[in-house]
Structures are given as C-alpha cells and as structure tokens.
>>> print(open('model.cif').read())   # mmCIF, C-alpha atoms
data_work
loop_
_atom_site.group_PDB
_atom_site.id
_atom_site.type_symbol
_atom_site.label_atom_id
_atom_site.label_comp_id
_atom_site.auth_asym_id
_atom_site.auth_seq_id
_atom_site.Cartn_x
_atom_site.Cartn_y
_atom_site.Cartn_z
ATOM 1 C CA MET Y 1 -28.454 -1.125 -23.967
ATOM 2 C CA SER Y 2 -28.464 -3.789 -26.695
ATOM 3 C CA LEU Y 3 -25.141 -2.521 -28.102
ATOM 4 C CA VAL Y 4 -23.526 -2.570 -24.644
ATOM 5 C CA GLN Y 5 -24.869 -6.077 -24.068
ATOM 6 C CA ALA Y 6 -23.325 -7.188 -27.375
ATOM 7 C CA TRP Y 7 -19.931 -5.709 -26.412
ATOM 8 C CA LEU Y 8 -20.084 -7.419 -23.016
ATOM 9 C CA ASN Y 9 -21.127 -10.804 -24.406
ATOM 10 C CA ASP Y 10 -18.377 -10.711 -27.027
ATOM 11 C CA CYS Y 11 -15.776 -9.803 -24.409
ATOM 12 C CA ARG Y 12 -16.823 -12.529 -21.945
ATOM 13 C CA GLN Y 13 -16.923 -15.175 -24.656
ATOM 14 C CA SER Y 14 -13.879 -14.386 -26.796
ATOM 15 C CA HIS Y 15 -11.337 -12.185 -24.937
ATOM 16 C CA LEU Y 16 -8.808 -14.386 -23.172
ATOM 17 C CA THR Y 17 -7.212 -11.522 -21.208
ATOM 18 C CA CYS Y 18 -10.607 -10.332 -19.921
ATOM 19 C CA ARG Y 19 -11.726 -13.605 -18.359
ATOM 20 C CA ASP Y 20 -14.098 -13.372 -15.423
ATOM 21 C CA ASN Y 21 -12.842 -14.288 -11.970
ATOM 22 C CA SER Y 22 -15.660 -16.062 -10.152
ATOM 23 C CA ASN Y 23 -13.886 -16.601 -6.827
ATOM 24 C CA PHE Y 24 -14.446 -13.197 -5.235
ATOM 25 C CA ILE Y 25 -17.369 -11.031 -4.224
ATOM 26 C CA PRO Y 26 -17.290 -7.987 -1.886
ATOM 27 C CA SER Y 27 -18.552 -8.453 1.656
ATOM 28 C CA ARG Y 28 -21.539 -6.235 0.768
ATOM 29 C CA VAL Y 29 -23.251 -5.380 -2.502
ATOM 30 C CA ILE Y 30 -26.500 -3.726 -3.535
ATOM 31 C CA ASP Y 31 -29.165 -6.195 -4.604
ATOM 32 C CA VAL Y 32 -30.993 -4.211 -7.300
ATOM 33 C CA GLY Y 33 -33.962 -6.560 -7.168
ATOM 34 C CA PRO Y 34 -35.899 -8.085 -10.068
ATOM 35 C CA LEU Y 35 -35.038 -6.824 -13.537
ATOM 36 C CA ASP Y 36 -38.500 -5.272 -13.888
ATOM 37 C CA GLY Y 37 -37.873 -2.982 -10.900
ATOM 38 C CA SER Y 38 -40.810 -4.385 -8.947
ATOM 39 C CA ARG Y 39 -38.836 -4.313 -5.704
ATOM 40 C CA GLU Y 40 -36.633 -1.631 -4.178
ATOM 41 C CA PRO Y 41 -32.852 -2.197 -3.979
ATOM 42 C CA ARG Y 42 -31.348 -3.286 -0.666
ATOM 43 C CA LEU Y 43 -27.947 -3.735 0.930
ATOM 44 C CA TYR Y 44 -27.009 -7.398 0.754
ATOM 45 C CA LEU Y 45 -24.433 -9.048 3.012
ATOM 46 C CA THR Y 46 -22.694 -11.737 0.982
ATOM 47 C CA SER Y 47 -21.466 -15.126 2.188
ATOM 48 C CA GLU Y 48 -19.335 -17.992 0.909
ATOM 49 C CA LYS Y 49 -22.204 -19.298 -1.237
ATOM 50 C CA ASP Y 50 -22.250 -16.026 -3.213
ATOM 51 C CA ARG Y 51 -18.643 -16.192 -4.411
ATOM 52 C CA CYS Y 52 -19.662 -17.137 -7.955
ATOM 53 C CA MET Y 53 -22.255 -14.357 -8.275
ATOM 54 C CA PRO Y 54 -21.339 -11.677 -10.866
ATOM 55 C CA TYR Y 55 -21.527 -8.027 -9.825
ATOM 56 C CA LEU Y 56 -20.944 -4.573 -11.339
ATOM 57 C CA THR Y 57 -19.118 -1.576 -9.850
ATOM 58 C CA LEU Y 58 -19.710 2.161 -10.125
ATOM 59 C CA SER Y 59 -16.985 4.776 -10.570
ATOM 60 C CA TYR Y 60 -18.290 8.312 -10.025
ATOM 61 C CA CYS Y 61 -17.701 11.692 -8.368
ATOM 62 C CA TRP Y 62 -19.393 12.419 -5.056
ATOM 63 C CA GLY Y 63 -19.280 16.183 -5.524
ATOM 64 C CA GLU Y 64 -19.908 18.733 -2.812
ATOM 65 C CA GLN Y 65 -21.623 17.634 0.393
ATOM 66 C CA THR Y 66 -25.368 18.254 0.150
ATOM 67 C CA GLU Y 67 -28.346 16.863 2.011
ATOM 68 C CA GLN Y 68 -29.018 14.369 -0.773
ATOM 69 C CA ASN Y 69 -25.527 12.886 -1.057
ATOM 70 C CA THR Y 70 -25.193 12.938 2.743
ATOM 71 C CA ASN Y 71 -28.308 10.756 2.822
ATOM 72 C CA LEU Y 72 -26.621 8.527 0.245
ATOM 73 C CA VAL Y 73 -23.997 7.173 2.623
ATOM 74 C CA THR Y 74 -24.553 4.175 4.859
ATOM 75 C CA THR Y 75 -23.951 4.809 8.546
ATOM 76 C CA ASN Y 76 -24.228 2.715 11.694
ATOM 77 C CA ILE Y 77 -27.739 4.110 12.104
ATOM 78 C CA THR Y 78 -28.957 3.192 8.585
ATOM 79 C CA PHE Y 79 -26.991 -0.050 8.179
ATOM 80 C CA ASN Y 80 -29.745 -2.432 9.345
ATOM 81 C CA GLU Y 81 -32.666 -0.675 7.654
ATOM 82 C CA ARG Y 82 -30.805 -0.615 4.332
ATOM 83 C CA GLN Y 83 -30.616 -4.390 4.414
ATOM 84 C CA ILE Y 84 -34.413 -4.291 4.131
ATOM 85 C CA SER Y 85 -34.808 -1.539 1.530
ATOM 86 C CA ILE Y 86 -33.132 1.470 -0.088
ATOM 87 C CA PRO Y 87 -35.928 3.482 -1.758
ATOM 88 C CA MET Y 88 -34.990 4.521 -5.289
ATOM 89 C CA ASP Y 89 -36.410 7.979 -4.588
ATOM 90 C CA ASP Y 90 -33.784 8.445 -1.858
ATOM 91 C CA LEU Y 91 -30.861 7.724 -4.177
ATOM 92 C CA PRO Y 92 -28.973 10.521 -5.987
ATOM 93 C CA LEU Y 93 -29.553 10.445 -9.744
ATOM 94 C CA CYS Y 94 -26.126 8.952 -10.524
ATOM 95 C CA CYS Y 95 -26.666 5.950 -8.257
ATOM 96 C CA LYS Y 96 -30.280 5.570 -9.339
ATOM 97 C CA ASP Y 97 -29.155 5.368 -12.981
ATOM 98 C CA ALA Y 98 -26.464 2.830 -12.057
ATOM 99 C CA VAL Y 99 -29.146 0.595 -10.531
ATOM 100 C CA LYS Y 100 -31.254 0.924 -13.701
ATOM 101 C CA ILE Y 101 -28.270 0.104 -15.946
ATOM 102 C CA THR Y 102 -27.461 -2.955 -13.818
ATOM 103 C CA ARG Y 103 -31.026 -4.205 -14.252
ATOM 104 C CA LYS Y 104 -31.039 -3.453 -18.000
ATOM 105 C CA LEU Y 105 -27.873 -5.522 -18.470
ATOM 106 C CA GLY Y 106 -29.478 -8.436 -16.639
ATOM 107 C CA PHE Y 107 -27.427 -8.413 -13.421
ATOM 108 C CA ARG Y 108 -28.574 -8.507 -9.809
ATOM 109 C CA PHE Y 109 -25.692 -6.923 -7.861
ATOM 110 C CA ILE Y 110 -23.702 -3.691 -7.978
ATOM 111 C CA TRP Y 111 -21.062 -2.294 -5.601
ATOM 112 C CA ILE Y 112 -21.176 1.450 -4.808
ATOM 113 C CA ASP Y 113 -18.681 2.645 -2.198
ATOM 114 C CA ALA Y 114 -20.883 5.180 -0.387
ATOM 115 C CA ILE Y 115 -23.578 2.561 0.201
ATOM 116 C CA CYS Y 116 -21.516 -0.607 0.680
ATOM 117 C CA ILE Y 117 -18.972 0.899 3.106
ATOM 118 C CA ILE Y 118 -20.137 2.252 6.465
ATOM 119 C CA GLN Y 119 -19.222 5.932 6.552
ATOM 120 C CA GLU Y 120 -19.038 8.473 9.403
ATOM 121 C CA GLN Y 121 -17.229 6.253 11.900
ATOM 122 C CA GLU Y 122 -14.801 8.049 14.190
ATOM 123 C CA THR Y 123 -12.332 5.176 13.964
ATOM 124 C CA LYS Y 124 -12.962 4.591 10.222
ATOM 125 C CA GLU Y 125 -12.662 0.906 11.069
ATOM 126 C CA ASP Y 126 -15.075 -0.312 8.384
ATOM 127 C CA TRP Y 127 -13.722 2.108 5.778
ATOM 128 C CA ILE Y 128 -10.151 0.931 6.367
ATOM 129 C CA LYS Y 129 -11.172 -2.727 6.102
ATOM 130 C CA GLU Y 130 -13.363 -2.398 3.015
ATOM 131 C CA SER Y 131 -11.214 0.114 1.100
ATOM 132 C CA GLY Y 132 -8.328 -2.315 1.575
ATOM 133 C CA GLN Y 133 -10.198 -4.677 -0.771
ATOM 134 C CA MET Y 134 -10.493 -2.057 -3.513
ATOM 135 C CA ALA Y 135 -8.031 -3.813 -5.818
ATOM 136 C CA GLN Y 136 -10.027 -7.043 -5.669
ATOM 137 C CA ILE Y 137 -13.425 -5.342 -5.848
ATOM 138 C CA TYR Y 138 -12.747 -3.558 -9.147
ATOM 139 C CA ALA Y 139 -10.496 -6.217 -10.680
ATOM 140 C CA ASN Y 140 -13.141 -8.932 -10.198
ATOM 141 C CA SER Y 141 -16.146 -6.871 -11.242
ATOM 142 C CA ILE Y 142 -17.924 -8.009 -14.397
ATOM 143 C CA LEU Y 143 -18.117 -4.374 -15.519
ATOM 144 C CA THR Y 144 -17.380 -0.916 -14.108
ATOM 145 C CA ILE Y 145 -19.882 1.805 -14.960
ATOM 146 C CA SER Y 146 -17.894 5.031 -15.251
ATOM 147 C CA ALA Y 147 -20.110 8.099 -14.807
ATOM 148 C CA GLY Y 148 -18.067 10.483 -16.946
ATOM 149 C CA SER Y 149 -21.142 12.537 -17.831
ATOM 150 C CA SER Y 150 -21.779 13.348 -14.138
ATOM 151 C CA ASP Y 151 -19.743 15.925 -12.207
ATOM 152 C CA ARG Y 152 -21.437 14.969 -8.923
ATOM 153 C CA CYS Y 153 -23.660 12.191 -7.631
ATOM 154 C CA ASN Y 154 -26.767 14.367 -8.002
ATOM 155 C CA ASP Y 155 -26.228 14.463 -11.788
ATOM 156 C CA SER Y 156 -27.739 11.821 -14.010
ATOM 157 C CA ILE Y 157 -25.456 9.415 -15.880
ATOM 158 C CA LEU Y 158 -27.952 9.372 -18.746
ATOM 159 C CA GLN Y 159 -27.790 13.045 -19.717
ATOM 160 C CA PRO Y 160 -28.645 14.589 -23.107
ATOM 161 C CA ARG Y 161 -25.752 14.207 -25.520
ATOM 162 C CA TYR Y 162 -23.420 17.036 -26.398
ATOM 163 C CA GLU Y 163 -23.722 17.909 -30.069
ATOM 164 C CA SER Y 164 -21.322 20.353 -31.634
ATOM 165 C CA ASP Y 165 -22.757 23.221 -33.618
ATOM 166 C CA VAL Y 166 -22.643 23.080 -37.371
ATOM 167 C CA GLY Y 167 -19.353 24.796 -38.113
ATOM 168 C CA LEU Y 168 -19.700 25.120 -41.854
ATOM 169 C CA GLN Y 169 -22.529 24.944 -44.353
ATOM 170 C CA ILE Y 170 -21.963 24.127 -47.995
ATOM 171 C CA GLN Y 171 -24.566 24.544 -50.718
ATOM 172 C CA VAL Y 172 -24.352 21.620 -53.142
ATOM 173 C CA LYS Y 173 -26.099 21.998 -56.492
ATOM 174 C CA GLY Y 174 -26.171 19.498 -59.292
ATOM 175 C CA ASN Y 175 -28.280 17.076 -61.293
ATOM 176 C CA ILE Y 176 -28.400 14.493 -58.482
ATOM 177 C CA LEU Y 177 -28.061 16.583 -55.309
ATOM 178 C CA ASN Y 178 -29.347 20.051 -54.524
ATOM 179 C CA GLU Y 179 -29.012 20.523 -50.774
ATOM 180 C CA THR Y 180 -27.194 22.340 -48.014
ATOM 181 C CA ILE Y 181 -24.676 20.113 -46.233
ATOM 182 C CA GLY Y 182 -23.616 20.908 -42.678
ATOM 183 C CA ILE Y 183 -20.149 20.003 -41.426
ATOM 184 C CA ARG Y 184 -19.735 19.305 -37.709
ATOM 185 C CA GLU Y 185 -16.793 18.663 -35.433
ATOM 186 C CA PHE Y 186 -15.729 15.001 -35.621
ATOM 187 C CA PRO Y 187 -17.023 13.084 -32.537
ATOM 188 C CA ALA Y 188 -14.443 12.886 -29.771
ATOM 189 C CA ALA Y 189 -12.508 9.652 -29.366
ATOM 190 C CA LEU Y 190 -12.254 7.991 -25.951
ATOM 191 C CA GLY Y 191 -9.170 9.846 -24.751
ATOM 192 C CA GLN Y 192 -10.505 13.232 -25.862
ATOM 193 C CA ALA Y 193 -13.931 12.588 -24.345
ATOM 194 C CA LEU Y 194 -12.458 11.607 -20.966
ATOM 195 C CA TRP Y 195 -9.846 14.336 -20.759
ATOM 196 C CA LYS Y 196 -12.335 17.120 -20.019
ATOM 197 C CA THR Y 197 -14.551 15.201 -17.587
ATOM 198 C CA GLU Y 198 -14.509 15.715 -13.818
ATOM 199 C CA ILE Y 199 -14.147 11.982 -13.200
ATOM 200 C CA TYR Y 200 -10.796 11.975 -15.021
ATOM 201 C CA LYS Y 201 -9.445 14.562 -12.581
ATOM 202 C CA ARG Y 202 -10.122 12.601 -9.382
ATOM 203 C CA GLY Y 203 -7.656 10.414 -7.489
ATOM 204 C CA TRP Y 204 -9.985 7.609 -6.434
ATOM 205 C CA THR Y 205 -11.473 7.218 -9.901
ATOM 206 C CA MET Y 206 -8.037 6.828 -11.492
ATOM 207 C CA GLN Y 207 -7.488 3.819 -9.249
ATOM 208 C CA GLU Y 208 -10.895 2.425 -10.170
ATOM 209 C CA ARG Y 209 -10.194 2.742 -13.911
ATOM 210 C CA THR Y 210 -6.737 1.202 -13.568
ATOM 211 C CA LEU Y 211 -7.994 -1.853 -11.698
ATOM 212 C CA SER Y 212 -11.062 -2.597 -13.842
ATOM 213 C CA ASN Y 213 -10.995 -5.263 -16.553
ATOM 214 C CA ARG Y 214 -13.975 -3.751 -18.370
ATOM 215 C CA ILE Y 215 -15.254 -0.178 -18.263
ATOM 216 C CA LEU Y 216 -18.408 1.318 -19.736
ATOM 217 C CA HIS Y 217 -17.707 5.050 -20.062
ATOM 218 C CA PHE Y 218 -20.716 7.372 -20.153
ATOM 219 C CA THR Y 219 -19.455 10.715 -21.492
ATOM 220 C CA PRO Y 220 -21.226 13.873 -22.704
ATOM 221 C CA HIS Y 221 -20.474 12.780 -26.279
ATOM 222 C CA GLN Y 222 -21.322 9.085 -26.401
ATOM 223 C CA ILE Y 223 -20.841 5.734 -24.653
ATOM 224 C CA PHE Y 224 -17.439 4.049 -24.920
ATOM 225 C CA TRP Y 225 -16.416 0.485 -24.138
ATOM 226 C CA GLN Y 226 -12.926 -0.253 -22.844
ATOM 227 C CA CYS Y 227 -11.538 -3.631 -21.838
ATOM 228 C CA THR Y 228 -8.016 -5.032 -21.666
ATOM 229 C CA THR Y 229 -8.384 -6.308 -25.239
ATOM 230 C CA THR Y 230 -10.109 -3.539 -27.203
ATOM 231 C CA GLU Y 231 -12.172 -0.343 -27.248
ATOM 232 C CA HIS Y 232 -15.462 0.519 -28.943
ATOM 233 C CA SER Y 233 -17.647 3.598 -29.340
ATOM 234 C CA GLU Y 234 -21.281 4.115 -30.233
ATOM 235 C CA ASP Y 235 -20.314 5.691 -33.542
ATOM 236 C CA GLY Y 236 -18.722 2.399 -34.610
ATOM 237 C CA ARG Y 237 -15.036 3.202 -34.198
ATOM 238 C CA ASN Y 238 -12.725 0.640 -32.605
ATOM 239 C CA LYS Y 239 -9.435 1.023 -30.740
ATOM 240 C CA GLU Y 240 -7.306 1.339 -33.877
ATOM 241 C CA GLU Y 241 -9.569 4.014 -35.381
ATOM 242 C CA MET Y 242 -9.728 6.058 -32.145
ATOM 243 C CA GLY Y 243 -5.992 5.969 -31.512
ATOM 244 C CA ARG Y 244 -4.211 5.467 -28.225
ATOM 245 C CA GLY Y 245 -6.445 5.723 -25.141
ATOM 246 C CA GLN Y 246 -5.760 7.663 -21.962
ATOM 247 C CA ASN Y 247 -5.400 4.612 -19.699
ATOM 248 C CA ASP Y 248 -2.761 2.467 -21.398
ATOM 249 C CA HIS Y 249 -0.874 1.853 -18.136
ATOM 250 C CA ARG Y 250 -3.850 -0.333 -17.124
ATOM 251 C CA LEU Y 251 -2.534 -2.970 -19.495
ATOM 252 C CA TYR Y 252 0.791 -3.213 -17.628
ATOM 253 C CA LEU Y 253 -1.008 -5.156 -14.910
ATOM 254 C CA ARG Y 254 -1.801 -7.935 -17.404
ATOM 255 C CA LYS Y 255 1.725 -8.750 -18.567
ATOM 256 C CA GLU Y 256 5.222 -9.245 -17.223
ATOM 257 C CA LEU Y 257 7.481 -6.210 -17.591
ATOM 258 C CA ASN Y 258 11.234 -5.967 -17.424
ATOM 259 C CA PRO Y 259 12.498 -3.952 -14.413
ATOM 260 C CA ILE Y 260 13.048 -0.745 -16.392
ATOM 261 C CA LYS Y 261 9.588 -0.732 -17.969
ATOM 262 C CA LEU Y 262 8.062 -1.688 -14.636
ATOM 263 C CA GLU Y 263 9.658 1.317 -12.926
ATOM 264 C CA ASP Y 264 8.625 3.605 -15.774
ATOM 265 C CA ALA Y 265 5.035 2.384 -15.511
ATOM 266 C CA TRP Y 266 4.958 3.061 -11.777
ATOM 267 C CA TYR Y 267 6.542 6.528 -12.162
ATOM 268 C CA HIS Y 268 3.886 7.385 -14.724
ATOM 269 C CA ILE Y 269 1.105 6.387 -12.330
ATOM 270 C CA VAL Y 270 2.544 8.313 -9.362
ATOM 271 C CA ASP Y 271 3.278 11.375 -11.497
ATOM 272 C CA ARG Y 272 -0.279 11.409 -12.837
ATOM 273 C CA HIS Y 273 -1.850 10.673 -9.448
ATOM 274 C CA LYS Y 274 -0.113 13.526 -7.604
ATOM 275 C CA ASP Y 275 -2.017 16.118 -9.663
ATOM 276 C CA LEU Y 276 -5.465 14.584 -9.166
ATOM 277 C CA ALA Y 277 -8.070 16.005 -6.797
ATOM 278 C CA LEU Y 278 -9.132 14.398 -3.521
ATOM 279 C CA THR Y 279 -11.818 15.654 -1.153
ATOM 280 C CA ASP Y 280 -9.650 14.540 1.771
ATOM 281 C CA PRO Y 281 -5.905 15.168 1.175
ATOM 282 C CA GLY Y 282 -5.226 12.341 3.619
ATOM 283 C CA ASP Y 283 -6.597 9.910 1.017
ATOM 284 C CA ARG Y 284 -3.581 10.389 -1.283
ATOM 285 C CA LEU Y 285 -1.885 7.114 -0.296
ATOM 286 C CA PRO Y 286 -5.080 5.065 0.262
ATOM 287 C CA ALA Y 287 -6.260 6.101 -3.226
ATOM 288 C CA LEU Y 288 -3.028 4.626 -4.613
ATOM 289 C CA ALA Y 289 -2.912 1.530 -2.397
ATOM 290 C CA GLY Y 290 -5.141 -0.635 -4.589
ATOM 291 C CA ILE Y 291 -2.937 -0.042 -7.638
ATOM 292 C CA ALA Y 292 0.140 -0.811 -5.535
ATOM 293 C CA LYS Y 293 -1.414 -4.083 -4.384
ATOM 294 C CA ALA Y 294 -2.064 -5.048 -8.002
ATOM 295 C CA TYR Y 295 1.539 -4.244 -8.980
ATOM 296 C CA HIS Y 296 3.054 -6.063 -5.988
ATOM 297 C CA PRO Y 297 3.397 -9.482 -7.722
ATOM 298 C CA GLN Y 298 5.668 -7.867 -10.333
ATOM 299 C CA PHE Y 299 7.798 -5.770 -7.979
ATOM 300 C CA LYS Y 300 8.138 -8.703 -5.538
ATOM 301 C CA CYS Y 301 9.272 -6.433 -2.686
ATOM 302 C CA LYS Y 302 7.844 -4.319 0.106
ATOM 303 C CA TYR Y 303 5.656 -1.324 -0.750
ATOM 304 C CA LEU Y 304 6.601 1.794 1.241
ATOM 305 C CA ALA Y 305 4.003 4.563 0.891
ATOM 306 C CA GLY Y 306 4.353 5.197 -2.836
ATOM 307 C CA LEU Y 307 7.857 3.719 -3.157
ATOM 308 C CA TRP Y 308 9.194 0.183 -3.580
ATOM 309 C CA GLU Y 309 11.913 -1.141 -1.278
ATOM 310 C CA CYS Y 310 13.794 -2.889 -4.080
ATOM 311 C CA HIS Y 311 14.037 0.423 -5.976
ATOM 312 C CA LEU Y 312 14.372 2.723 -2.981
ATOM 313 C CA PRO Y 313 17.687 4.426 -3.942
ATOM 314 C CA GLU Y 314 16.411 5.340 -7.406
ATOM 315 C CA ASN Y 315 12.970 6.279 -6.032
ATOM 316 C CA LEU Y 316 14.500 8.705 -3.529
ATOM 317 C CA LEU Y 317 16.498 10.389 -6.283
ATOM 318 C CA TRP Y 318 13.522 10.662 -8.644
#
>>> encode(input="model.cif", output="structure tokens")
Amino acid sequence: MSLVQAWLNDCRQSHLTCRDNSNFIPSRVIDVGPLDGSREPRLYLTSEKDRCMPYLTLSYCWGEQTEQNTNLVTTNITFNERQISIPMDDLPLCCKDAVKITRKLGFRFIWIDAICIIQEQETKEDWIKESGQMAQIYANSILTISAGSSDRCNDSILQPRYESDVGLQIQVKGNILNETIGIREFPAALGQALWKTEIYKRGWTMQERTLSNRILHFTPHQIFWQCTTTEHSEDGRNKEEMGRGQNDHRLYLRKELNPIKLEDAWYHIVDRHKDLALTDPGDRLPALAGIAKAYHPQFKCKYLAGLWECHLPENLLW
C-alpha cells in the first residue's frame, strides 16, 4: 500500500481541485478500530464533534442474495449490537478487505452502505433519509475504494492478478544476448480495465464514481488511481500515457459549463445510466438523484425525475 499512500499524500498536498472538505461526515460510519486490527470493527454513530474526521467509502457490487450477504446488512434487530462489535469473520470478503485497506492507509472510518444504512424496513424510512445524502457522502470522502475485481460482495478485492498468456516467443541469438523473449499483451489502461468489470455495469456504482473526488480502482489487471486532477497505474503510466478515461463527465462537476455543454453532459449521464443494471428497477431515479443534486448548482432550476425544468421543452423532445 506504500504506492497508494504516496498517490494519496501527493493529491492531498498538491492538487487544488481535490481539496478535502472537512465539514461533513455521514451520520454513521464503521470504526475499523486500531490499525493493528486488535479490536473488531463496529458501527459508530457520529456527532457534531466528528465533522472534521476523515473517512473512506466503498463502491462495490452486492451480487445475488445469499446467507452471507444477507447477514451483511444492518437491520433494526442488529443495529444496537453492531454498535458494540461487527466480527470480521461475519463480513463478506469484499467488506473485510475494505476494512483492512482502510487500516493499512492509516484511517479509522469507512462508510459501507449495507452496514451504515438500516435495511429491511417496510417503510424504507432510514434508507430514504440516508441515501438522500449520497452526493455528500461520496463527494466528501477522503477516498473511494472501488472493488472492480469483485463481482459480488463474497469475492475478495485483493484477488490474484490477471496475466495474459505469452502470445509470441522470439529466439534472440547474438554475442551479447542468447535468450528466448516472450511478448505479452500490453497491460490494460484504466478505461479498458474498467469496461469489462461488473462494477462498471451497475447503476448505483456509476453514481458513486461520478461523485467521488478520489477513487482507488482494484481491477483484475492492476490498481489504478483516479482523482479530479490526474490518473496513475501500478505499471507507472499516468493519465496522458493511458489516454482518456471512462469517467470524464465526473470533471464537469468541478467547473462552470455553458448551457449547451451542461445539457450535453447531463444527456450523456442519463443515456449511460439507462443501460446500467439495478437489482431493484425502482431504484433507477434514486440511483441518479445524487448526481442530480451535485449538478443542481449549475442548472439553477428544479429537478424533475431525470429532467430539468429550465430545459423541459428540449428534454421532452430528446
């Protein structure tokens, strides 16, 4: 994690557009305990005094309902006991790894939706309240861990790396070198690595990526860093060497756009979002609401379920 720590330190110290916002913390976070793991994580209810405390967020795929990821969620029954302890052995591998990564990077808190939002309520009262803060939760996170190497929460984030087979072997003979050289496929850049992952196909995770200032992508190929200023990969390539990423519309939130570009940016988001998968089809608009809230200061008009009042005639014709 030393390379990730270096990327994070450089970003926090020198990137003006990635500045931390220390005035917000979710109403609940997971306290991962001491960095040495000597205490189990627990659900922590924050207060006004915690507003300056940094926290991480996790973006991941739940996957199919199984006994293990059903046990993952916090309910009215488990809410109080989880404030005392959440045994690591009870956590799905994805969430367990996220806790370990948080500790390795030297932080105390992480927000994971299934644990920090009370699930299984008939009225969905807590879910409605907490999911309404999604824009703030991800935008103010120090770092979002994106579990691109996991198709479901029971998969580990820290999986063995994909290595392409040697496609071509060349025998080199000479006075200096007498060896067989293998030629492999060039390592995937960020956009290519994300394109085939399950997390890139989900509606909620698109919102989480769009709202995050900094993202640490774990993919089958390698780890990638993405912030509003630059991109890095483990193999040493930067943003310019990897080419255009797959999440450029994220940058539109950080600058003023003229009305035409603003509309184009929103159309791109809605067009992309409509093809993404959701476990509950009724989540289509909620999974877009956080992005809409972030765009509201630029549109400066009422948001109407995927459309903007000030552009309603054009939106209805689109």
>>> closest_residue(input="model.cif", among="Y:Lys201, Y:Arg103, Y:Arg284, Y:Arg42", to="Glu81 (chain Y)", atoms="all atoms listed in the file")
Y:Arg42
>>> atom_distance(input="model.cif", atom1="CA of Asn80 (chain Y)", atom2="CA of Val32 (chain Y)")
16.8 Å
>>> residues_around(input="model.cif", residues="Arg19 (chain Y)", least_positions_apart="2", cutoff="12 Å", atoms="all atoms listed in the file", output="CSV table (one decimal) with C-alpha atoms, keeping the file's coordinate frame")
chain,number,residue,atom,x,y,z
Y,8,LEU,CA,-20.1,-7.4,-23.0
Y,9,ASN,CA,-21.1,-10.8,-24.4
Y,10,ASP,CA,-18.4,-10.7,-27.0
Y,11,CYS,CA,-15.8,-9.8,-24.4
Y,12,ARG,CA,-16.8,-12.5,-21.9
Y,13,GLN,CA,-16.9,-15.2,-24.7
Y,14,SER,CA,-13.9,-14.4,-26.8
Y,15,HIS,CA,-11.3,-12.2,-24.9
Y,16,LEU,CA,-8.8,-14.4,-23.2
Y,17,THR,CA,-7.2,-11.5,-21.2
Y,21,ASN,CA,-12.8,-14.3,-12.0
Y,22,SER,CA,-15.7,-16.1,-10.2
Y,139,ALA,CA,-10.5,-6.2,-10.7
Y,140,ASN,CA,-13.1,-8.9,-10.2
Y,141,SER,CA,-16.1,-6.9,-11.2
Y,142,ILE,CA,-17.9,-8.0,-14.4
Y,143,LEU,CA,-18.1,-4.4,-15.5
Y,212,SER,CA,-11.1,-2.6,-13.8
Y,213,ASN,CA,-11.0,-5.3,-16.6
Y,214,ARG,CA,-14.0,-3.8,-18.4
Y,227,CYS,CA,-11.5,-3.6,-21.8
Y,228,THR,CA,-8.0,-5.0,-21.7
Y,229,THR,CA,-8.4,-6.3,-25.2
Y,254,ARG,CA,-1.8,-7.9,-17.4
>>> closest_residue(input="model.cif", among="Y:Gly203, Y:Gly33, Y:Gly148, Y:Pro87", to="Tyr60 (chain Y)", atoms="all atoms listed in the file")
Y:Gly148
>>> atom_distance(input="model.cif", atom1="CA of Ile137 (chain Y)", atom2="CA of Gly37 (chain Y)")
25.1 Å
>>> resolve_selection(input="model.cif", expression="the PyMOL selection byres ((chain Y and resi 263-271) around 9)", output="PDB file with C-alpha atoms, keeping the file's coordinate frame")
ATOM      1  CA  HIS Y 249      -0.874   1.853 -18.136  1.00  0.00           C
ATOM      2  CA  TYR Y 252       0.791  -3.213 -17.628  1.00  0.00           C
ATOM      3  CA  ASN Y 258      11.234  -5.967 -17.424  1.00  0.00           C
ATOM      4  CA  PRO Y 259      12.498  -3.952 -14.413  1.00  0.00           C
ATOM      5  CA  ILE Y 260      13.048  -0.745 -16.392  1.00  0.00           C
ATOM      6  CA  LYS Y 261       9.588  -0.732 -17.969  1.00  0.00           C
ATOM      7  CA  LEU Y 262       8.062  -1.688 -14.636  1.00  0.00           C
ATOM      8  CA  ARG Y 272      -0.279  11.409 -12.837  1.00  0.00           C
ATOM      9  CA  HIS Y 273      -1.850  10.673  -9.448  1.00  0.00           C
ATOM     10  CA  LYS Y 274      -0.113  13.526  -7.604  1.00  0.00           C
ATOM     11  CA  ASP Y 275      -2.017  16.118  -9.663  1.00  0.00           C
ATOM     12  CA  LEU Y 288      -3.028   4.626  -4.613  1.00  0.00           C
ATOM     13  CA  ILE Y 291      -2.937  -0.042  -7.638  1.00  0.00           C
ATOM     14  CA  ALA Y 292       0.140  -0.811  -5.535  1.00  0.00           C
ATOM     15  CA  TYR Y 295       1.539  -4.244  -8.980  1.00  0.00           C
ATOM     16  CA  PHE Y 299       7.798  -5.770  -7.979  1.00  0.00           C
ATOM     17  CA  GLY Y 306       4.353   5.197  -2.836  1.00  0.00           C
ATOM     18  CA  HIS Y 311      14.037   0.423  -5.976  1.00  0.00           C
ATOM     19  CA  ASN Y 315      12.970   6.279  -6.032  1.00  0.00           C
ATOM     20  CA  TRP Y 318      13.522  10.662  -8.644  1.00  0.00           C
TER      21      TRP Y 318
END
>>> closest_residue(input="model.cif", among="Y:Pro26, Y:Glu231, Y:His221, Y:Ile112", to="Lys129 (chain Y)", atoms="all atoms listed in the file")
Y:Pro26
>>> atom_distance(input="model.cif", atom1="CA of Ala6 (chain Y)", atom2="CA of Asn23 (chain Y)")
24.5 Å
